Every structure is written in structure tokens, then in C-alpha cells.
file target_28.pdb (PDB, C-alpha atoms, pLDDT in the B column)
MODEL        1
ATOM      1  CA  MET F   1     -34.291  61.036-111.624  1.00 90.00           C
ATOM      2  CA  LYS F   2     -30.524  60.846-111.821  1.00 93.00           C
ATOM      3  CA  THR F   3     -28.801  58.984-108.977  1.00 93.00           C
ATOM      4  CA  LEU F   4     -25.724  60.668-107.522  1.00 95.00           C
ATOM      5  CA  GLY F   5     -23.197  58.372-105.880  1.00 92.00           C
ATOM      6  CA  SER F   6     -20.902  60.799-104.075  1.00 93.00           C
ATOM      7  CA  GLN F   7     -20.405  64.383-102.938  1.00 94.00           C
ATOM      8  CA  SER F   8     -18.226  65.045-105.977  1.00 94.00           C
ATOM      9  CA  GLN F   9     -21.065  63.974-108.272  1.00 95.00           C
ATOM     10  CA  LEU F  10     -23.455  66.268-106.415  1.00 95.00           C
ATOM     11  CA  ASP F  11     -20.959  69.129-106.724  1.00 95.00           C
ATOM     12  CA  SER F  12     -20.765  68.507-110.475  1.00 95.00           C
ATOM     13  CA  GLN F  13     -24.554  68.431-110.773  1.00 95.00           C
ATOM     14  CA  LEU F  14     -24.928  71.705-108.874  1.00 95.00           C
ATOM     15  CA  ALA F  15     -22.286  73.363-111.031  1.00 95.00           C
ATOM     16  CA  ALA F  16     -23.916  72.144-114.253  1.00 94.00           C
ATOM     17  CA  ALA F  17     -27.328  73.413-113.117  1.00 92.00           C
ATOM     18  CA  GLY F  18     -26.165  77.019-113.097  1.00 92.00           C
ATOM     19  CA  SER F  19     -29.051  79.207-111.887  1.00 91.00           C
ATOM     20  CA  LYS F  20     -31.627  76.390-112.049  1.00 94.00           C
ATOM     21  CA  LEU F  21     -33.233  75.016-108.900  1.00 95.00           C
ATOM     22  CA  VAL F  22     -31.854  71.584-107.941  1.00 96.00           C
ATOM     23  CA  VAL F  23     -34.020  69.246-105.836  1.00 97.00           C
ATOM     24  CA  VAL F  24     -32.150  66.327-104.245  1.00 97.00           C
ATOM     25  CA  ASP F  25     -33.909  63.398-102.580  1.00 96.00           C
ATOM     26  CA  PHE F  26     -31.781  61.752 -99.859  1.00 94.00           C
ATOM     27  CA  PHE F  27     -33.321  58.302 -99.478  1.00 92.00           C
ATOM     28  CA  ALA F  28     -32.642  54.769 -98.277  1.00 89.00           C
ATOM     29  CA  THR F  29     -33.768  51.532 -99.914  1.00 88.00           C
ATOM     30  CA  TRP F  30     -35.130  50.255 -96.583  1.00 85.00           C
ATOM     31  CA  CYS F  31     -37.161  53.424 -95.906  1.00 84.00           C
ATOM     32  CA  GLY F  32     -40.926  52.973 -96.398  1.00 81.00           C
ATOM     33  CA  PRO F  33     -41.817  56.692 -96.732  1.00 83.00           C
ATOM     34  CA  CYS F  34     -38.993  57.049 -99.280  1.00 87.00           C
ATOM     35  CA  LYS F  35     -40.618  54.422-101.495  1.00 86.00           C
ATOM     36  CA  THR F  36     -43.957  56.209-101.233  1.00 85.00           C
ATOM     37  CA  LEU F  37     -42.431  59.574-102.078  1.00 87.00           C
ATOM     38  CA  ALA F  38     -40.319  58.389-105.046  1.00 89.00           C
ATOM     39  CA  PRO F  39     -43.098  58.256-107.697  1.00 90.00           C
ATOM     40  CA  ILE F  40     -44.441  61.614-106.487  1.00 90.00           C
ATOM     41  CA  LEU F  41     -41.051  63.226-107.054  1.00 91.00           C
ATOM     42  CA  GLU F  42     -40.826  61.602-110.478  1.00 90.00           C
ATOM     43  CA  GLY F  43     -44.186  63.152-111.309  1.00 90.00           C
ATOM     44  CA  LEU F  44     -42.991  66.570-110.139  1.00 91.00           C
ATOM     45  CA  GLU F  45     -39.884  66.180-112.281  1.00 92.00           C
ATOM     46  CA  LYS F  46     -42.072  65.818-115.364  1.00 91.00           C
ATOM     47  CA  LYS F  47     -44.135  68.897-114.441  1.00 90.00           C
ATOM     48  CA  HIS F  48     -41.173  71.124-113.578  1.00 92.00           C
ATOM     49  CA  SER F  49     -38.947  70.930-116.635  1.00 89.00           C
ATOM     50  CA  SER F  50     -36.879  73.943-115.568  1.00 92.00           C
ATOM     51  CA  THR F  51     -35.913  72.293-112.267  1.00 95.00           C
ATOM     52  CA  VAL F  52     -33.220  69.629-111.923  1.00 96.00           C
ATOM     53  CA  PHE F  53     -34.151  66.566-109.839  1.00 96.00           C
ATOM     54  CA  ALA F  54     -31.664  64.034-108.447  1.00 96.00           C
ATOM     55  CA  LYS F  55     -31.472  61.452-105.681  1.00 96.00           C
ATOM     56  CA  VAL F  56     -28.817  60.187-103.285  1.00 95.00           C
ATOM     57  CA  ASP F  57     -28.815  56.763-101.615  1.00 94.00           C
ATOM     58  CA  VAL F  58     -27.485  57.612 -98.144  1.00 91.00           C
ATOM     59  CA  ASP F  59     -26.048  54.117 -97.655  1.00 90.00           C
ATOM     60  CA  GLN F  60     -24.096  54.311-100.916  1.00 91.00           C
ATOM     61  CA  ALA F  61     -23.033  57.960-100.591  1.00 91.00           C
ATOM     62  CA  GLN F  62     -22.419  58.405 -96.885  1.00 89.00           C
ATOM     63  CA  ASP F  63     -19.949  61.237 -97.508  1.00 89.00           C
ATOM     64  CA  CYS F  64     -22.731  63.204 -99.171  1.00 92.00           C
ATOM     65  CA  ALA F  65     -25.218  62.564 -96.360  1.00 90.00           C
ATOM     66  CA  GLU F  66     -22.694  63.532 -93.684  1.00 89.00           C
ATOM     67  CA  ARG F  67     -21.626  66.673 -95.538  1.00 91.00           C
ATOM     68  CA  HIS F  68     -25.215  67.926 -95.620  1.00 91.00           C
ATOM     69  CA  LYS F  69     -26.113  66.709 -92.110  1.00 89.00           C
ATOM     70  CA  VAL F  70     -28.830  64.365 -93.310  1.00 87.00           C
ATOM     71  CA  THR F  71     -29.924  62.272 -90.330  1.00 82.00           C
ATOM     72  CA  ALA F  72     -33.384  61.108 -91.389  1.00 83.00           C
ATOM     73  CA  MET F  73     -34.944  59.792 -94.557  1.00 86.00           C
ATOM     74  CA  PRO F  74     -36.398  61.022 -96.708  1.00 89.00           C
ATOM     75  CA  THR F  75     -34.766  64.450 -96.587  1.00 91.00           C
ATOM     76  CA  ILE F  76     -35.232  66.713 -99.601  1.00 94.00           C
ATOM     77  CA  LEU F  77     -32.656  69.463-100.139  1.00 96.00           C
ATOM     78  CA  PHE F  78     -33.150  72.452-102.422  1.00 96.00           C
ATOM     79  CA  PHE F  79     -30.146  74.193-104.013  1.00 95.00           C
ATOM     80  CA  LYS F  80     -29.831  77.373-106.047  1.00 93.00           C
ATOM     81  CA  GLN F  81     -26.470  78.392-107.478  1.00 92.00           C
ATOM     82  CA  LYS F  82     -24.745  75.701-105.372  1.00 92.00           C
ATOM     83  CA  ALA F  83     -26.207  76.992-102.079  1.00 93.00           C
ATOM     84  CA  GLU F  84     -28.861  75.220 -99.995  1.00 93.00           C
ATOM     85  CA  VAL F  85     -32.032  77.320 -99.983  1.00 93.00           C
ATOM     86  CA  GLY F  86     -34.465  74.899 -98.383  1.00 92.00           C
ATOM     87  CA  ARG F  87     -34.927  71.522 -96.728  1.00 92.00           C
ATOM     88  CA  VAL F  88     -37.867  69.224 -96.014  1.00 91.00           C
ATOM     89  CA  VAL F  89     -37.483  66.332 -93.571  1.00 87.00           C
ATOM     90  CA  GLY F  90     -40.123  63.683 -94.214  1.00 85.00           C
ATOM     91  CA  ALA F  91     -42.464  62.918 -97.103  1.00 83.00           C
ATOM     92  CA  ASN F  92     -44.347  66.206 -96.888  1.00 84.00           C
ATOM     93  CA  THR F  93     -45.442  66.818-100.473  1.00 85.00           C
ATOM     94  CA  SER F  94     -47.181  70.133 -99.822  1.00 84.00           C
ATOM     95  CA  GLU F  95     -44.017  71.607 -98.337  1.00 88.00           C
ATOM     96  CA  ILE F  96     -41.900  70.184-101.157  1.00 91.00           C
ATOM     97  CA  GLN F  97     -44.176  71.712-103.783  1.00 90.00           C
ATOM     98  CA  ALA F  98     -44.244  75.040-101.943  1.00 89.00           C
ATOM     99  CA  LEU F  99     -40.453  75.257-101.954  1.00 92.00           C
ATOM    100  CA  ILE F 100     -40.274  74.324-105.634  1.00 93.00           C
ATOM    101  CA  LYS F 101     -42.793  77.052-106.415  1.00 90.00           C
ATOM    102  CA  LYS F 102     -40.933  79.580-104.267  1.00 90.00           C
ATOM    103  CA  HIS F 103     -37.463  78.993-105.686  1.00 90.00           C
ATOM    104  CA  GLU F 104     -38.313  78.001-109.234  1.00 85.00           C
ATOM    105  CA  GLY F 105     -40.038  81.352-109.601  1.00 67.00           C
ATOM    106  CA  GLY F 106     -43.234  80.200-111.273  1.00 43.00           C
ATOM    107  CA  ASP F 107     -46.711  78.998-110.355  1.00 38.00           C
ATOM    108  CA  SER F 108     -46.380  75.713-112.222  1.00 36.00           C
ATOM    109  CA  PHE F 109     -48.628  73.458-110.183  1.00 37.00           C
ATOM    110  CA  ILE F 110     -52.211  73.692-109.132  1.00 33.00           C
ATOM    111  CA  GLY F 111     -53.999  72.263-106.126  1.00 36.00           C
ATOM    112  CA  THR F 112     -53.051  71.518-102.566  1.00 35.00           C
ATOM    113  CA  GLY F 113     -50.518  68.957-101.511  1.00 38.00           C
ATOM    114  CA  HIS F 114     -50.717  66.563 -98.630  1.00 37.00           C
ATOM    115  CA  SER F 115     -48.481  65.217 -95.923  1.00 38.00           C
ATOM    116  CA  LEU F 116     -47.610  61.527 -95.852  1.00 42.00           C
ATOM    117  CA  GLY F 117     -47.381  59.738 -92.519  1.00 39.00           C
ATOM    118  CA  GLY F 118     -49.015  62.514 -90.509  1.00 37.00           C
ATOM    119  CA  SER F 119     -46.059  64.916 -90.743  1.00 38.00           C
ATOM    120  CA  SER F 120     -46.557  68.372 -89.314  1.00 37.00           C
ATOM    121  CA  THR F 121     -45.637  71.364 -91.454  1.00 36.00           C
ATOM    122  CA  ASP F 122     -45.413  73.710 -88.443  1.00 37.00           C
ATOM    123  CA  GLY F 123     -42.033  74.957 -87.270  1.00 37.00           C
ATOM    124  CA  GLY F 124     -43.043  73.877 -83.749  1.00 37.00           C
ATOM    125  CA  ALA F 125     -46.522  73.387 -82.414  1.00 35.00           C
ATOM    126  CA  SER F 126     -47.685  75.690 -79.668  1.00 34.00           C
ATOM    127  CA  SER F 127     -48.703  74.442 -76.258  1.00 35.00           C
ATOM    128  CA  GLY F 128     -52.234  73.146 -76.181  1.00 37.00           C
ATOM    129  CA  SER F 129     -52.714  73.741 -79.915  1.00 35.00           C
ATOM    130  CA  ILE F 130     -54.562  71.333 -82.159  1.00 33.00           C
ATOM    131  CA  LEU F 131     -53.146  69.638 -85.263  1.00 36.00           C
ATOM    132  CA  GLY F 132     -56.240  68.004 -86.658  1.00 39.00           C
ATOM    133  CA  ASP F 133     -57.773  66.654 -83.458  1.00 44.00           C
ATOM    134  CA  VAL F 134     -54.439  65.976 -81.765  1.00 48.00           C
ATOM    135  CA  LYS F 135     -53.120  68.100 -78.916  1.00 55.00           C
ATOM    136  CA  THR F 136     -49.436  69.028 -78.991  1.00 63.00           C
ATOM    137  CA  VAL F 137     -47.005  70.520 -76.480  1.00 72.00           C
ATOM    138  CA  GLU F 138     -44.303  72.907 -77.652  1.00 76.00           C
ATOM    139  CA  GLY F 139     -40.571  72.619 -77.017  1.00 78.00           C
ATOM    140  CA  PRO F 140     -38.621  75.092 -74.867  1.00 81.00           C
ATOM    141  CA  GLY F 141     -37.499  77.155 -77.868  1.00 83.00           C
ATOM    142  CA  GLY F 142     -34.189  77.697 -79.624  1.00 85.00           C
ATOM    143  CA  ASN F 143     -32.417  77.474 -82.981  1.00 88.00           C
ATOM    144  CA  CYS F 144     -32.263  73.679 -83.154  1.00 91.00           C
ATOM    145  CA  GLN F 145     -35.298  71.951 -84.669  1.00 89.00           C
ATOM    146  CA  ILE F 146     -35.989  68.388 -83.560  1.00 92.00           C
ATOM    147  CA  GLN F 147     -38.614  66.333 -85.357  1.00 89.00           C
ATOM    148  CA  VAL F 148     -39.794  63.134 -83.685  1.00 91.00           C
ATOM    149  CA  ARG F 149     -41.760  60.327 -85.313  1.00 87.00           C
ATOM    150  CA  LEU F 150     -44.094  58.676 -82.816  1.00 87.00           C
ATOM    151  CA  LEU F 151     -45.141  55.028 -82.708  1.00 85.00           C
ATOM    152  CA  ASP F 152     -48.361  55.732 -84.621  1.00 81.00           C
ATOM    153  CA  GLY F 153     -46.425  57.321 -87.494  1.00 78.00           C
ATOM    154  CA  SER F 154     -47.398  60.903 -86.628  1.00 80.00           C
ATOM    155  CA  THR F 155     -44.717  63.560 -86.219  1.00 82.00           C
ATOM    156  CA  ILE F 156     -44.112  66.297 -83.666  1.00 86.00           C
ATOM    157  CA  ARG F 157     -41.596  69.115 -83.821  1.00 85.00           C
ATOM    158  CA  GLY F 158     -39.957  71.186 -81.138  1.00 87.00           C
ATOM    159  CA  ASN F 159     -37.297  73.873 -81.036  1.00 88.00           C
ATOM    160  CA  PHE F 160     -34.394  73.542 -78.608  1.00 90.00           C
ATOM    161  CA  GLU F 161     -31.061  75.165 -77.834  1.00 91.00           C
ATOM    162  CA  SER F 162     -27.947  73.213 -78.777  1.00 93.00           C
ATOM    163  CA  SER F 163     -27.058  73.198 -75.051  1.00 93.00           C
ATOM    164  CA  HIS F 164     -30.245  71.332 -74.159  1.00 92.00           C
ATOM    165  CA  SER F 165     -29.841  67.646 -73.388  1.00 93.00           C
ATOM    166  CA  VAL F 166     -31.290  64.643 -75.147  1.00 95.00           C
ATOM    167  CA  GLN F 167     -33.094  63.997 -71.848  1.00 93.00           C
ATOM    168  CA  GLN F 168     -35.006  67.263 -72.342  1.00 92.00           C
ATOM    169  CA  VAL F 169     -36.125  66.074 -75.769  1.00 93.00           C
ATOM    170  CA  HIS F 170     -37.202  62.784 -74.147  1.00 93.00           C
ATOM    171  CA  LYS F 171     -39.318  64.760 -71.647  1.00 90.00           C
ATOM    172  CA  PHE F 172     -40.797  66.802 -74.510  1.00 88.00           C
ATOM    173  CA  VAL F 173     -41.847  63.596 -76.251  1.00 90.00           C
ATOM    174  CA  GLN F 174     -43.290  62.191 -73.014  1.00 89.00           C
ATOM    175  CA  ALA F 175     -45.343  65.375 -72.546  1.00 84.00           C
ATOM    176  CA  ASN F 176     -46.781  65.020 -76.037  1.00 83.00           C
ATOM    177  CA  LEU F 177     -47.566  61.352 -75.509  1.00 84.00           C
ATOM    178  CA  ASP F 178     -49.345  62.258 -72.271  1.00 82.00           C
ATOM    179  CA  ALA F 179     -51.303  65.020 -74.047  1.00 77.00           C
ATOM    180  CA  ARG F 180     -52.493  62.485 -76.609  1.00 77.00           C
ATOM    181  CA  GLY F 181     -53.267  59.829 -74.039  1.00 80.00           C
ATOM    182  CA  ALA F 182     -50.731  57.529 -75.732  1.00 82.00           C
ATOM    183  CA  LYS F 183     -48.959  54.771 -73.835  1.00 82.00           C
ATOM    184  CA  ALA F 184     -45.280  54.046 -74.504  1.00 85.00           C
ATOM    185  CA  PRO F 185     -43.713  52.988 -71.186  1.00 87.00           C
ATOM    186  CA  GLY F 186     -39.929  52.842 -71.270  1.00 90.00           C
ATOM    187  CA  PHE F 187     -39.697  54.257 -74.790  1.00 93.00           C
ATOM    188  CA  LYS F 188     -36.327  55.235 -76.229  1.00 94.00           C
ATOM    189  CA  LEU F 189     -35.268  57.785 -78.812  1.00 96.00           C
ATOM    190  CA  MET F 190     -33.158  56.780 -81.784  1.00 94.00           C
ATOM    191  CA  THR F 191     -31.865  57.898 -85.166  1.00 92.00           C
ATOM    192  CA  ASN F 192     -31.732  55.641 -88.207  1.00 84.00           C
ATOM    193  CA  PHE F 193     -28.719  57.241 -89.887  1.00 79.00           C
ATOM    194  CA  PRO F 194     -26.389  56.777 -88.226  1.00 83.00           C
ATOM    195  CA  ARG F 195     -28.293  54.182 -86.189  1.00 88.00           C
ATOM    196  CA  THR F 196     -28.038  55.387 -82.600  1.00 93.00           C
ATOM    197  CA  ILE F 197     -30.224  54.649 -79.578  1.00 95.00           C
ATOM    198  CA  TYR F 198     -30.180  57.309 -76.863  1.00 95.00           C
ATOM    199  CA  GLU F 199     -30.440  55.747 -73.440  1.00 93.00           C
ATOM    200  CA  ASP F 200     -28.657  55.800 -70.083  1.00 93.00           C
ATOM    201  CA  GLU F 201     -25.567  58.058 -70.277  1.00 94.00           C
ATOM    202  CA  ALA F 202     -26.381  59.132 -73.846  1.00 94.00           C
ATOM    203  CA  LEU F 203     -29.438  60.982 -72.549  1.00 95.00           C
ATOM    204  CA  LYS F 204     -27.101  63.361 -70.709  1.00 94.00           C
ATOM    205  CA  LEU F 205     -25.443  64.508 -73.929  1.00 95.00           C
ATOM    206  CA  THR F 206     -26.251  67.972 -75.196  1.00 95.00           C
ATOM    207  CA  LEU F 207     -27.814  68.146 -78.640  1.00 95.00           C
ATOM    208  CA  GLU F 208     -24.544  69.543 -79.928  1.00 94.00           C
ATOM    209  CA  GLU F 209     -22.545  66.685 -78.406  1.00 95.00           C
ATOM    210  CA  ALA F 210     -25.025  64.194 -79.872  1.00 94.00           C
ATOM    211  CA  LYS F 211     -24.658  65.882 -83.291  1.00 93.00           C
ATOM    212  CA  LEU F 212     -28.368  66.640 -83.441  1.00 94.00           C
ATOM    213  CA  THR F 213     -27.920  70.277 -84.495  1.00 92.00           C
ATOM    214  CA  PRO F 214     -29.106  72.394 -86.243  1.00 90.00           C
ATOM    215  CA  ARG F 215     -31.901  69.955 -87.124  1.00 89.00           C
ATOM    216  CA  ALA F 216     -32.507  66.243 -86.737  1.00 91.00           C
ATOM    217  CA  GLN F 217     -35.182  63.589 -86.844  1.00 90.00           C
ATOM    218  CA  LEU F 218     -35.589  61.120 -84.006  1.00 93.00           C
ATOM    219  CA  ILE F 219     -37.777  58.043 -83.820  1.00 93.00           C
ATOM    220  CA  VAL F 220     -39.613  56.709 -80.790  1.00 93.00           C
ATOM    221  CA  LYS F 221     -38.677  53.087 -80.168  1.00 90.00           C
ATOM    222  CA  ALA F 222     -40.871  51.009 -77.867  1.00 85.00           C
TER     223      ALA F 222
ENDMDL
END

call {"tool": "encode", "arguments": {"input": "target_28.pdb", "output": "C-alpha cells"}}
result
Amino acid sequence: MKTLGSQSQLDSQLAAAGSKLVVVDFFATWCGPCKTLAPILEGLEKKHSSTVFAKVDVDQAQDCAERHKVTAMPTILFFKQKAEVGRVVGANTSEIQALIKKHEGGDSFIGTGHSLGGSSTDGGASSGSILGDVKTVEGPGGNCQIQVRLLDGSTIRGNFESSHSVQQVHKFVQANLDARGAKAPGFKLMTNFPRTIYEDEALKLTLEEAKLTPRAQLIVKA
């Protein structure tokens, strides 16, 4: 997979691809799930010869990550004719393969994929629903999707309005921890890129003020 070092290099790659699907892996060298996903993407690159694959190190190409609002790694972006047509946050191989199949226009892989690290593929779990054997509580609803990685590595998703506060997301996470019987007293929410811990006054920020729209991934920190 070709490594792109800046937004200008990505622009050039998208232009050169023409009508081909372009799959871009936004990764970080310190990210464990990124290292797990890398060989899987390389395997998909070999199978999908009509699709262009590339990768961006978010620490080396921060302009590129900021331009595309990448706040969690890995994030996989899908482009067609220079426009973003899909996005997967997390190492969810089934969702990645589904988007390749959808936008490449051919049924070029067989079998079911799997999700690494317990990621949910739902747009937001419904209250009292079951993902595997785990109960989840839904968010209040809205156009902003927040994905949260819990201490055990599993992931929950909730939809919020941009006017909702970070405190409301914190309460959403607490409700899900309670539903699972998980203990995380005094937990905090944080992002890895940029590295920000939301506590005290920061919890009062709206999601828009915290730049967590239209989608973001948070991490529970004990």
C-alpha cells in the first residue's frame, strides 16, 4: 500500500484514480488495532485489483487527518471521483469489505468478515437490545455519531445532536456500563488524536464546541 504524506499527495492520488474506488487507511504507528488491520488491508489490496489502496500516518500528515476530520485510528475512508462515499471507524473488516463491494461494483470476495476488538456495526444500538450477550442503551438521537471504546475493548455507539454536551455522552457511557454491570468509577472520556481528556469544565462543552461532530471516537480512561 502506498503511503501518502500530505493532503496534496492524497489529492493527487484521488485525481489519478479517476473513476476507481480509493480506500485510504488513516493509521498511527502506536495504534494496536491499526497494526492488526494492516495485513488484512494488504490482502484486500491483492484481491481487489481495480481498487486503489493507500495509507496515511496521521502523525506525519496531520493536515490530511484534520481536513477529513479523522479523530480516531484506524479510520478507513472510501473515495469515488474525489468525493468521500464511505467511512469506517475502527478495525471492522466486515464493514470495510461491504463498502468495497458496494462501491467497487462487483462481488469480488466471498465469505463473512469479522469485527476486531468487539466493534459494533450498528448505527446506534437500541435500548435494551442485545449485541451478542451484552445489553446496550441507546443515545438520545441526532445527526452526530459518537463511538466509544470501553475499558474491555468493546465499542458502543450513540447518536447525538451537535448541541448536546460532552456530559450527556458521559452519562450515556455510564448507562451502558451500568447495563453491563461494569465498574469504572471516576472514568473520563478522551480522544487520542488530538489527545484531549474531557473533564471538569470541558464536560460542559457542546459536541460542536468540542469538535466532535459529525462523528468521533472517544475512549474511556480509568

call {"tool": "residues_around", "arguments": {"input": "target_28.pdb", "residues": "F:Ser8", "least_positions_apart": "4", "cutoff": "10 Å", "atoms": "only C-alpha atoms", "output": "number ranges by chain"}}
result
F: 4, 12-14, 63-64

call {"tool": "resolve_selection", "arguments": {"input": "target_28.pdb", "expression": "the PyMOL selection byres ((chain F and resi 177) around 12)", "output": "NGL selection string"}}
result
:F and (134-137 or 148-152 or 154-156 or 170-176 or 178-185 or 187 or 220)

call {"tool": "resolve_selection", "arguments": {"input": "target_28.pdb", "expression": "the PyMOL selection byres ((chain F and resi 66) around 12)", "output": "JSON, numbers by chain"}}
result
{"F": [6, 7, 26, 56, 58, 59, 60, 61, 62, 63, 64, 65, 67, 68, 69, 70, 71, 72, 193, 194, 211]}

call {"tool": "resolve_selection", "arguments": {"input": "target_28.pdb", "expression": "the PyMOL selection byres ((chain F and resi 202) around 12)", "output": "PyMOL selection string"}}
result
chain F and resi 165-168+170+188-190+196-201+203-207+209-211

call {"tool": "closest_residue", "arguments": {"input": "target_28.pdb", "among": "F:Arg157, F:Lys35, F:Lys102, F:His164", "to": "F:Glu208", "atoms": "all atoms listed in the file"}}
result
F:His164

call {"tool": "closest_residue", "arguments": {"input": "target_28.pdb", "among": "F:Gly32, F:Val88, F:Phe160, F:Gly5", "to": "F:Asp57", "atoms": "all atoms listed in the file"}}
result
F:Gly5

call {"tool": "residues_around", "arguments": {"input": "target_28.pdb", "residues": "F:Leu77", "least_positions_apart": "5", "cutoff": "9 Å", "atoms": "all atoms listed in the file", "output": "list in words"}}
result
Val22, Val23, Val24, Asp25, Phe26, His68, Glu84, Val85, Gly86, Arg87, Val88 and Val89 of chain F

call {"tool": "axis_aligned_box", "arguments": {"input": "target_28.pdb", "around": "stretch 195-211 of chain F", "padding_each_side": "6 Å", "output": "AutoDock Vina command-line options"}}
result
--center_x -26.5 --center_y 61.9 --center_z -78.1 --size_x 19.9 --size_y 27.4 --size_z 28.1

call {"tool": "atom_distance", "arguments": {"input": "target_28.pdb", "atom1": "atom CA of F:Pro140", "atom2": "atom CA of F:Met73"}}
result
25.2 Å

call {"tool": "build_atoms", "arguments": {"input": "target_28.pdb", "residues": "stretch 181-197 of chain F", "atoms": "N, CA and C atoms", "output": "PDB file, in the frame of the given file"}}
result
ATOM      1  N   GLY F 181     -52.754  61.014 -74.706  1.00 80.00           N
ATOM      2  CA  GLY F 181     -53.267  59.829 -74.039  1.00 80.00           C
ATOM      3  C   GLY F 181     -52.630  58.553 -74.559  1.00 80.00           C
ATOM      4  N   ALA F 182     -51.425  58.688 -75.154  1.00 82.00           N
ATOM      5  CA  ALA F 182     -50.731  57.529 -75.732  1.00 82.00           C
ATOM      6  C   ALA F 182     -49.862  56.855 -74.677  1.00 82.00           C
ATOM      7  N   LYS F 183     -49.751  55.547 -74.773  1.00 82.00           N
ATOM      8  CA  LYS F 183     -48.959  54.771 -73.835  1.00 82.00           C
ATOM      9  C   LYS F 183     -47.710  54.244 -74.530  1.00 82.00           C
ATOM     10  N   ALA F 184     -46.535  54.567 -73.973  1.00 85.00           N
ATOM     11  CA  ALA F 184     -45.280  54.046 -74.504  1.00 85.00           C
ATOM     12  C   ALA F 184     -44.277  53.931 -73.365  1.00 85.00           C
ATOM     13  N   PRO F 185     -44.588  53.097 -72.359  1.00 87.00           N
ATOM     14  CA  PRO F 185     -43.713  52.988 -71.186  1.00 87.00           C
ATOM     15  C   PRO F 185     -42.304  52.530 -71.573  1.00 87.00           C
ATOM     16  N   GLY F 186     -41.316  53.226 -71.023  1.00 90.00           N
ATOM     17  CA  GLY F 186     -39.929  52.842 -71.270  1.00 90.00           C
ATOM     18  C   GLY F 186     -39.435  53.118 -72.676  1.00 90.00           C
ATOM     19  N   PHE F 187     -40.103  54.011 -73.398  1.00 93.00           N
ATOM     20  CA  PHE F 187     -39.697  54.257 -74.790  1.00 93.00           C
ATOM     21  C   PHE F 187     -38.292  54.863 -74.846  1.00 93.00           C
ATOM     22  N   LYS F 188     -37.644  54.671 -75.979  1.00 94.00           N
ATOM     23  CA  LYS F 188     -36.327  55.235 -76.229  1.00 94.00           C
ATOM     24  C   LYS F 188     -36.372  56.096 -77.484  1.00 94.00           C
ATOM     25  N   LEU F 189     -35.409  56.973 -77.617  1.00 96.00           N
ATOM     26  CA  LEU F 189     -35.268  57.785 -78.812  1.00 96.00           C
ATOM     27  C   LEU F 189     -34.090  57.269 -79.622  1.00 96.00           C
ATOM     28  N   MET F 190     -34.237  57.285 -80.936  1.00 94.00           N
ATOM     29  CA  MET F 190     -33.158  56.780 -81.784  1.00 94.00           C
ATOM     30  C   MET F 190     -33.115  57.532 -83.106  1.00 94.00           C
ATOM     31  N   THR F 191     -31.993  57.426 -83.792  1.00 92.00           N
ATOM     32  CA  THR F 191     -31.865  57.898 -85.166  1.00 92.00           C
ATOM     33  C   THR F 191     -31.572  56.682 -86.036  1.00 92.00           C
ATOM     34  N   ASN F 192     -31.991  56.744 -87.288  1.00 84.00           N
ATOM     35  CA  ASN F 192     -31.732  55.641 -88.207  1.00 84.00           C
ATOM     36  C   ASN F 192     -30.399  55.780 -88.915  1.00 84.00           C
ATOM     37  N   PHE F 193     -29.966  57.042 -89.134  1.00 79.00           N
ATOM     38  CA  PHE F 193     -28.719  57.241 -89.887  1.00 79.00           C
ATOM     39  C   PHE F 193     -27.940  58.385 -89.274  1.00 79.00           C
ATOM     40  N   PRO F 194     -26.842  58.120 -88.568  1.00 83.00           N
ATOM     41  CA  PRO F 194     -26.389  56.777 -88.226  1.00 83.00           C
ATOM     42  C   PRO F 194     -27.313  56.155 -87.181  1.00 83.00           C
ATOM     43  N   ARG F 195     -27.371  54.843 -87.115  1.00 88.00           N
ATOM     44  CA  ARG F 195     -28.293  54.182 -86.189  1.00 88.00           C
ATOM     45  C   ARG F 195     -27.772  54.318 -84.760  1.00 88.00           C
ATOM     46  N   THR F 196     -28.456  55.114 -83.977  1.00 93.00           N
ATOM     47  CA  THR F 196     -28.038  55.387 -82.600  1.00 93.00           C
ATOM     48  C   THR F 196     -29.259  55.367 -81.698  1.00 93.00           C
ATOM     49  N   ILE F 197     -29.163  54.662 -80.584  1.00 95.00           N
ATOM     50  CA  ILE F 197     -30.224  54.649 -79.578  1.00 95.00           C
ATOM     51  C   ILE F 197     -29.754  55.456 -78.381  1.00 95.00           C
TER      52      ILE F 197
END
